[in-house]
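Q: File name model00.tsv; file contents TSV, C-alpha atoms; full text below.
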```tsv
chain	number	residue	atom	x	y	z
A	238	MET	CA	-13.66	16.14	0.02
A	239	VAL	CA	-10.69	14.68	-1.88
A	240	SER	CA	-8.69	12.25	0.24
A	241	TRP	CA	-5.13	13.25	-0.67
A	242	HIS	CA	-3.74	10.79	1.86
A	243	LYS	CA	-5.60	7.90	0.18
A	244	ILE	CA	-4.53	9.05	-3.29
A	245	LEU	CA	-0.88	9.32	-2.25
A	246	LEU	CA	-0.89	6.00	-0.40
A	247	ASP	CA	-2.69	3.98	-3.07
A	248	GLY	CA	-0.86	5.82	-5.86
A	249	GLY	CA	2.43	5.04	-4.14
A	250	ILE	CA	1.49	1.37	-3.95
A	251	LEU	CA	0.59	1.41	-7.65
A	252	ALA	CA	3.82	3.22	-8.55
A	253	VAL	CA	5.98	0.72	-6.65
A	254	ILE	CA	4.27	-2.39	-8.04
A	255	ALA	CA	4.06	-1.13	-11.64
A	256	SER	CA	7.63	0.23	-11.60
A	257	LEU	CA	8.99	-3.06	-10.27
A	258	LEU	CA	7.14	-4.96	-13.00
A	259	LEU	CA	8.59	-2.64	-15.67
A	260	ILE	CA	12.09	-2.83	-14.26
A	261	ALA	CA	11.92	-6.62	-13.94
A	262	GLY	CA	10.83	-6.89	-17.57
A	263	MET	CA	13.66	-4.64	-18.70
A	264	VAL	CA	16.21	-6.61	-16.70
A	265	ILE	CA	14.93	-9.78	-18.39
A	266	ASN	CA	15.07	-8.17	-21.85
A	267	PRO	CA	14.65	-4.46	-22.69
A	268	ARG	CA	13.45	-5.46	-26.17
A	269	LEU	CA	10.18	-6.59	-24.55
A	270	PHE	CA	9.27	-2.87	-24.44
A	271	LEU	CA	10.63	-2.06	-27.91
A	272	GLN	CA	7.31	-0.48	-28.94
A	273	ASP	CA	7.76	2.10	-26.14
A	274	TYR	CA	11.24	3.22	-27.24
A	275	PRO	CA	11.85	6.26	-29.47
A	276	LYS	CA	11.39	5.44	-33.17
A	277	LYS	CA	15.10	5.88	-33.99
A	278	ILE	CA	15.98	3.14	-31.52
A	279	GLN	CA	13.21	0.89	-32.84
A	280	GLN	CA	14.51	1.38	-36.39
A	281	ALA	CA	18.08	0.51	-35.37
A	282	VAL	CA	17.20	-3.04	-34.27
A	283	GLN	CA	15.37	-6.05	-35.63
A	284	PRO	CA	11.65	-6.37	-34.80
A	285	LYS	CA	10.67	-8.46	-31.80
A	286	THR	CA	11.01	-12.19	-32.24
A	287	SER	CA	8.01	-14.47	-31.77
A	288	ALA	CA	9.34	-15.48	-28.34
A	289	GLU	CA	9.77	-11.82	-27.35
A	290	LYS	CA	6.21	-11.03	-28.43
A	291	LYS	CA	4.87	-13.91	-26.30
A	292	LEU	CA	6.92	-12.84	-23.28
A	293	SER	CA	5.80	-9.22	-23.78
A	294	LEU	CA	2.19	-10.38	-23.62
A	295	PHE	CA	2.88	-12.64	-20.64
A	296	LEU	CA	4.38	-9.72	-18.68
A	297	GLY	CA	2.17	-7.03	-20.19
A	298	VAL	CA	-1.19	-8.43	-19.14
A	299	PRO	CA	-0.40	-8.47	-15.39
A	300	PHE	CA	1.11	-4.98	-15.73
A	301	LEU	CA	-2.07	-3.61	-17.35
A	302	LEU	CA	-4.23	-5.38	-14.76
A	303	VAL	CA	-2.26	-3.68	-11.97
A	304	LEU	CA	-2.71	-0.29	-13.69
A	305	VAL	CA	-6.49	-0.79	-13.71
A	306	LEU	CA	-7.15	-2.84	-10.58
A	307	VAL	CA	-5.26	-0.74	-8.03
A	308	PRO	CA	-7.18	2.46	-8.91
A	309	PHE	CA	-10.39	0.41	-9.16
A	310	PHE	CA	-10.10	-1.14	-5.69
A	311	SER	CA	-8.92	2.17	-4.21
A	312	THR	CA	-12.00	3.86	-5.66
A	313	LEU	CA	-14.28	0.99	-4.62
A	314	ALA	CA	-13.03	1.39	-1.04
A	315	LEU	CA	-13.70	5.13	-1.24
A	316	SER	CA	-17.28	4.46	-2.38
A	317	ARG	CA	-18.11	3.43	1.21
A	318	GLU	CA	-17.58	7.08	2.16
A	319	THR	CA	-19.04	8.93	-0.84
A	320	GLU	CA	-21.39	8.53	-3.76
A	321	SER	CA	-19.95	11.55	-5.57
A	322	PHE	CA	-18.94	10.65	-9.12
A	323	ILE	CA	-16.48	13.57	-9.12
A	324	LEU	CA	-14.74	12.38	-5.94
A	325	LEU	CA	-14.61	8.80	-7.20
A	326	PHE	CA	-13.18	10.00	-10.53
A	327	LEU	CA	-10.62	12.25	-8.81
A	328	ASN	CA	-9.49	9.35	-6.63
A	329	ALA	CA	-9.01	6.95	-9.55
A	330	PHE	CA	-7.32	9.68	-11.60
A	331	GLY	CA	-5.06	10.74	-8.73
A	332	VAL	CA	-3.95	7.16	-8.03
A	333	SER	CA	-3.23	6.60	-11.73
A	334	MET	CA	-1.39	9.89	-12.06
A	335	ILE	CA	1.00	9.06	-9.22
A	336	PHE	CA	2.31	6.18	-11.32
A	337	ASN	CA	2.24	8.29	-14.50
A	338	LEU	CA	4.42	10.91	-12.78
A	339	VAL	CA	6.84	8.29	-11.40
A	340	ASP	CA	7.06	6.64	-14.82
A	341	TRP	CA	7.79	9.96	-16.53
A	342	LEU	CA	10.13	11.62	-14.05
A	343	ILE	CA	11.95	8.67	-12.46
A	344	LEU	CA	11.85	5.80	-14.95
A	345	ASP	CA	11.93	7.81	-18.18
A	346	TRP	CA	13.74	11.06	-17.50
A	347	LEU	CA	16.08	9.99	-14.68
A	348	LEU	CA	16.90	6.33	-15.36
A	349	PHE	CA	16.35	6.16	-19.15
A	350	CYS	CA	17.49	9.60	-20.32
A	351	ALA	CA	19.79	11.12	-17.68
A	352	ILE	CA	21.56	8.08	-16.21
A	353	ASN	CA	20.83	5.71	-19.13
A	354	VAL	CA	21.06	2.60	-16.96
A	355	LYS	CA	22.46	-0.43	-18.72
A	356	PHE	CA	19.44	-2.70	-18.31
A	357	MET	CA	17.31	-0.21	-20.28
A	358	VAL	CA	19.69	-0.07	-23.24
A	359	ILE	CA	18.92	-2.41	-26.10
A	360	PRO	CA	22.09	-4.19	-27.27
A	361	GLY	CA	23.44	-2.59	-30.44
A	362	THR	CA	21.96	0.85	-29.65
A	363	GLU	CA	24.44	1.96	-27.00
A	364	GLY	CA	25.22	5.67	-27.16
A	365	MET	CA	22.36	6.62	-29.50
A	366	ALA	CA	21.17	10.21	-29.09
A	367	ALA	CA	17.56	8.98	-28.94
A	368	TYR	CA	18.21	7.81	-25.37
A	369	LYS	CA	18.31	11.51	-24.40
A	370	ASP	CA	14.98	12.39	-26.07
A	371	TYR	CA	13.22	14.02	-23.12
A	372	VAL	CA	10.44	15.41	-25.37
A	373	TYR	CA	9.50	11.88	-26.50
A	374	HIS	CA	8.92	10.87	-22.88
A	375	PHE	CA	7.03	14.07	-22.06
A	376	ARG	CA	4.64	13.25	-24.93
A	377	GLY	CA	4.27	9.78	-23.42
A	378	PHE	CA	3.40	11.40	-20.09
A	379	LEU	CA	0.72	13.53	-21.77
A	380	ILE	CA	-0.72	10.45	-23.48
A	381	GLY	CA	-0.69	8.74	-20.08
A	382	CYS	CA	-2.69	11.67	-18.66
A	383	VAL	CA	-5.41	11.17	-21.27
A	384	ILE	CA	-5.46	7.40	-20.78
A	385	SER	CA	-5.63	7.89	-17.00
A	386	ALA	CA	-8.53	10.32	-17.37
A	387	VAL	CA	-10.55	8.02	-19.64
A	388	THR	CA	-9.83	4.94	-17.52
A	389	SER	CA	-10.74	6.85	-14.36
A	390	LEU	CA	-14.08	7.93	-15.85
A	391	VAL	CA	-14.86	4.27	-16.54
A	392	ILE	CA	-13.68	3.17	-13.09
A	393	ALA	CA	-15.79	5.83	-11.34
A	394	GLY	CA	-18.83	4.86	-13.40
A	395	VAL	CA	-18.42	1.14	-12.74
A	396	VAL	CA	-17.88	1.73	-9.02
A	397	LEU	CA	-21.05	3.84	-8.84
A	398	LEU	CA	-22.99	1.06	-10.57
A	399	ILE	CA	-21.80	-1.77	-8.34
A	400	ALA	CA	-21.38	-0.01	-4.97
```
Please express what this file holds, its structure, as structure tokens.
A:
Amino acid sequence: MVSWHKILLDGGILAVIASLLLIAGMVINPRLFLQDYPKKIQQAVQPKTSAEKKLSLFLGVPFLLVLVLVPFFSTLALSRETESFILLFLNAFGVSMIFNLVDWLILDWLLFCAINVKFMVIPGTEGMAAYKDYVYHFRGFLIGCVISAVTSLVIAGVVLLIA
């Protein structure tokens, strides 16, 4: 049986950690995430500098590790209770999707599009209509669903092999 409590708890932990990492990076310099901004905003500014690329990598690697390791360890813990590939997959996918939903609805739609908080605005692009592109962020959410599904298949398979 799917452990909704575990998915919500571990997904909540993932959402808080990953969101804080994203917000911290944007407070440092929103240009670090330039590749994730709508194309019109990307085209309105200079490409990332060498220093920005290095800092993006420095912050991006721990972020990606968190996105993979939290669902992995959550699913590994669940493997003590079940050997069902489907249940292991659903756990990893559910945990990942909690963050994907928070990223889409809170970070993207609420903070980025609706409120347009200052630390997310790249200097020189203030007031651009692209900051209100809700469809762009919905597409990102859908891409995140696919990435979460593929990653969760791998996590469930690895956990079955090692548990």
Q: Rank A:Leu338, A:Phe378, A:Val305, A:Met365 by their smallest atom-to-atom distance to A:Leu390, using all atoms listed in the file, and report the top residue only.
A: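 So, comparing all the options, the nearest one is A:Val305.
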Q: Which residue, A:Ala314, A:Leu306, A:Val253, A:Ala386, has the smallest gap to A:Phe326 when you use all atoms listed in the file?
A: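 So, comparing all the options, the nearest one is A:Ala386.
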Q: Taking all atoms listed in the file into account, which of A:Met357, A:Cys382, A:Ile335, A:Leu324 comes nearest A:Ala261?
A: A:Met357
Q: Give as a list in words the set of residues within 12 Å of the point (-2.5, -4.4, -14.7), where distances use the file's coordinates and all atoms listed in the file.
A: Leu251, Ala252, Ile254, Ala255, Ser256, Leu258, Leu259, Leu294, Phe295, Leu296, Gly297, Val298, Pro299, Phe300, Leu301, Leu302, Val303, Leu304, Val305, Leu306, Val307, Pro308, Phe309 and Ser333 of chain A
Q: The selected residues should be written to file as a PDB file, in the frame of the given file (atoms: C-alpha atoms).
A:
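The resulting file, out-v6.pdb, is reproduced below:
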```
ATOM      1  CA  LEU A 251       0.590   1.410  -7.650  1.00  0.00           C
ATOM      2  CA  ALA A 252       3.820   3.220  -8.550  1.00  0.00           C
ATOM      3  CA  ILE A 254       4.270  -2.390  -8.040  1.00  0.00           C
ATOM      4  CA  ALA A 255       4.060  -1.130 -11.640  1.00  0.00           C
ATOM      5  CA  SER A 256       7.630   0.230 -11.600  1.00  0.00           C
ATOM      6  CA  LEU A 258       7.140  -4.960 -13.000  1.00  0.00           C
ATOM      7  CA  LEU A 259       8.590  -2.640 -15.670  1.00  0.00           C
ATOM      8  CA  LEU A 294       2.190 -10.380 -23.620  1.00  0.00           C
ATOM      9  CA  PHE A 295       2.880 -12.640 -20.640  1.00  0.00           C
ATOM     10  CA  LEU A 296       4.380  -9.720 -18.680  1.00  0.00           C
ATOM     11  CA  GLY A 297       2.170  -7.030 -20.190  1.00  0.00           C
ATOM     12  CA  VAL A 298      -1.190  -8.430 -19.140  1.00  0.00           C
ATOM     13  CA  PRO A 299      -0.400  -8.470 -15.390  1.00  0.00           C
ATOM     14  CA  PHE A 300       1.110  -4.980 -15.730  1.00  0.00           C
ATOM     15  CA  LEU A 301      -2.070  -3.610 -17.350  1.00  0.00           C
ATOM     16  CA  LEU A 302      -4.230  -5.380 -14.760  1.00  0.00           C
ATOM     17  CA  VAL A 303      -2.260  -3.680 -11.970  1.00  0.00           C
ATOM     18  CA  LEU A 304      -2.710  -0.290 -13.690  1.00  0.00           C
ATOM     19  CA  VAL A 305      -6.490  -0.790 -13.710  1.00  0.00           C
ATOM     20  CA  LEU A 306      -7.150  -2.840 -10.580  1.00  0.00           C
ATOM     21  CA  VAL A 307      -5.260  -0.740  -8.030  1.00  0.00           C
ATOM     22  CA  PRO A 308      -7.180   2.460  -8.910  1.00  0.00           C
ATOM     23  CA  PHE A 309     -10.390   0.410  -9.160  1.00  0.00           C
ATOM     24  CA  SER A 333      -3.230   6.600 -11.730  1.00  0.00           C
TER      25      SER A 333
END
```
Q: Report, in Å with one decimal, the straight-line distance from atom CA of A:Lys276 to atom CA of A:Leu292.
A: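 Atom CA of A:Lys276 sits 21.3 Å away from atom CA of A:Leu292.
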Q: With distances taken over only C-alpha atoms, which of A:Asp370, A:Ile384, A:Ile250, A:Lys277 is nearest to A:Phe310?
A: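 Among the listed residues, A:Ile250 lies closest to A:Phe310.
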Q: Report, in Å to a single decimal, how far apart atom CA of A:His374 and atom CA of A:Asp345 are.
A: 6.4 Å
Q: Nearest to A:Phe375: which of A:Val354, A:Ser293, A:Pro275, A:Gln283 is it, counting all atoms listed in the file?
A: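 Nearest candidate to A:Phe375 out of A:Val354, A:Ser293, A:Pro275, A:Gln283: A:Pro275.
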Q: Could you pull the residues within 7 Å of stretch 346-353 of chain A, counting only C-alpha atoms, minus those fewer than 5 positions along the same chain, as a PDB file with C-alpha atoms, keeping the file's coordinate frame?
A:
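Contents of around.pdb, as written:
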```pdb
ATOM      1  CA  TRP A 341       7.790   9.960 -16.530  1.00  0.00           C
ATOM      2  CA  TYR A 368      18.210   7.810 -25.370  1.00  0.00           C
ATOM      3  CA  LYS A 369      18.310  11.510 -24.400  1.00  0.00           C
ATOM      4  CA  ASP A 370      14.980  12.390 -26.070  1.00  0.00           C
ATOM      5  CA  TYR A 371      13.220  14.020 -23.120  1.00  0.00           C
TER       6      TYR A 371
END
```
Q: Calculate how many Å separate atom CA of A:Val387 from atom CA of A:Phe330, rounding to one decimal.
A: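 Atom CA of A:Phe330 lies at a distance of 8.8 Å from atom CA of A:Val387.
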Q: Starting from the incomplete input, reconstruct N, CA, C and O atoms of stretch 361-373 of chain A and write that as a JSON list (two decimals), keeping the file's coordinate frame.
A:
```json
[["chain", "number", "residue", "atom", "x", "y", "z"],
["A", 361, "GLY", "N", 23.25, -3.10, -29.09],
["A", 361, "GLY", "CA", 23.44, -2.59, -30.44],
["A", 361, "GLY", "C", 23.01, -1.13, -30.61],
["A", 361, "GLY", "O", 23.21, -0.55, -31.67],
["A", 362, "THR", "N", 22.41, -0.56, -29.55],
["A", 362, "THR", "CA", 21.96, 0.85, -29.65],
["A", 362, "THR", "C", 22.68, 1.74, -28.63],
["A", 362, "THR", "O", 22.30, 2.89, -28.45],
["A", 363, "GLU", "N", 23.70, 1.21, -28.02],
["A", 363, "GLU", "CA", 24.44, 1.96, -27.00],
["A", 363, "GLU", "C", 24.91, 3.29, -27.57],
["A", 363, "GLU", "O", 25.41, 3.37, -28.69],
["A", 364, "GLY", "N", 24.72, 4.35, -26.78],
["A", 364, "GLY", "CA", 25.22, 5.67, -27.16],
["A", 364, "GLY", "C", 24.34, 6.45, -28.13],
["A", 364, "GLY", "O", 24.69, 7.57, -28.50],
["A", 365, "MET", "N", 23.23, 5.90, -28.56],
["A", 365, "MET", "CA", 22.36, 6.62, -29.50],
["A", 365, "MET", "C", 21.78, 7.87, -28.83],
["A", 365, "MET", "O", 21.39, 7.85, -27.66],
["A", 366, "ALA", "N", 21.71, 8.95, -29.59],
["A", 366, "ALA", "CA", 21.17, 10.21, -29.09],
["A", 366, "ALA", "C", 19.71, 10.08, -28.67],
["A", 366, "ALA", "O", 19.25, 10.82, -27.79],
["A", 367, "ALA", "N", 18.99, 9.15, -29.25],
["A", 367, "ALA", "CA", 17.56, 8.98, -28.94],
["A", 367, "ALA", "C", 17.33, 8.62, -27.47],
["A", 367, "ALA", "O", 16.23, 8.80, -26.95],
["A", 368, "TYR", "N", 18.36, 8.11, -26.79],
["A", 368, "TYR", "CA", 18.21, 7.81, -25.37],
["A", 368, "TYR", "C", 18.10, 9.09, -24.54],
["A", 368, "TYR", "O", 17.74, 9.03, -23.37],
["A", 369, "LYS", "N", 18.40, 10.22, -25.12],
["A", 369, "LYS", "CA", 18.31, 11.51, -24.40],
["A", 369, "LYS", "C", 17.12, 12.34, -24.88],
["A", 369, "LYS", "O", 17.08, 13.54, -24.68],
["A", 370, "ASP", "N", 16.14, 11.70, -25.52],
["A", 370, "ASP", "CA", 14.98, 12.39, -26.07],
["A", 370, "ASP", "C", 13.93, 12.63, -24.99],
["A", 370, "ASP", "O", 12.95, 11.89, -24.86],
["A", 371, "TYR", "N", 14.13, 13.69, -24.21],
["A", 371, "TYR", "CA", 13.22, 14.02, -23.12],
["A", 371, "TYR", "C", 11.83, 14.39, -23.64],
["A", 371, "TYR", "O", 10.83, 14.09, -22.99],
["A", 372, "VAL", "N", 11.74, 15.01, -24.80],
["A", 372, "VAL", "CA", 10.44, 15.41, -25.37],
["A", 372, "VAL", "C", 9.60, 14.18, -25.68],
["A", 372, "VAL", "O", 8.38, 14.16, -25.44],
["A", 373, "TYR", "N", 10.21, 13.13, -26.20],
["A", 373, "TYR", "CA", 9.50, 11.88, -26.50],
["A", 373, "TYR", "C", 8.79, 11.37, -25.24],
["A", 373, "TYR", "O", 7.63, 10.97, -25.28]]
```
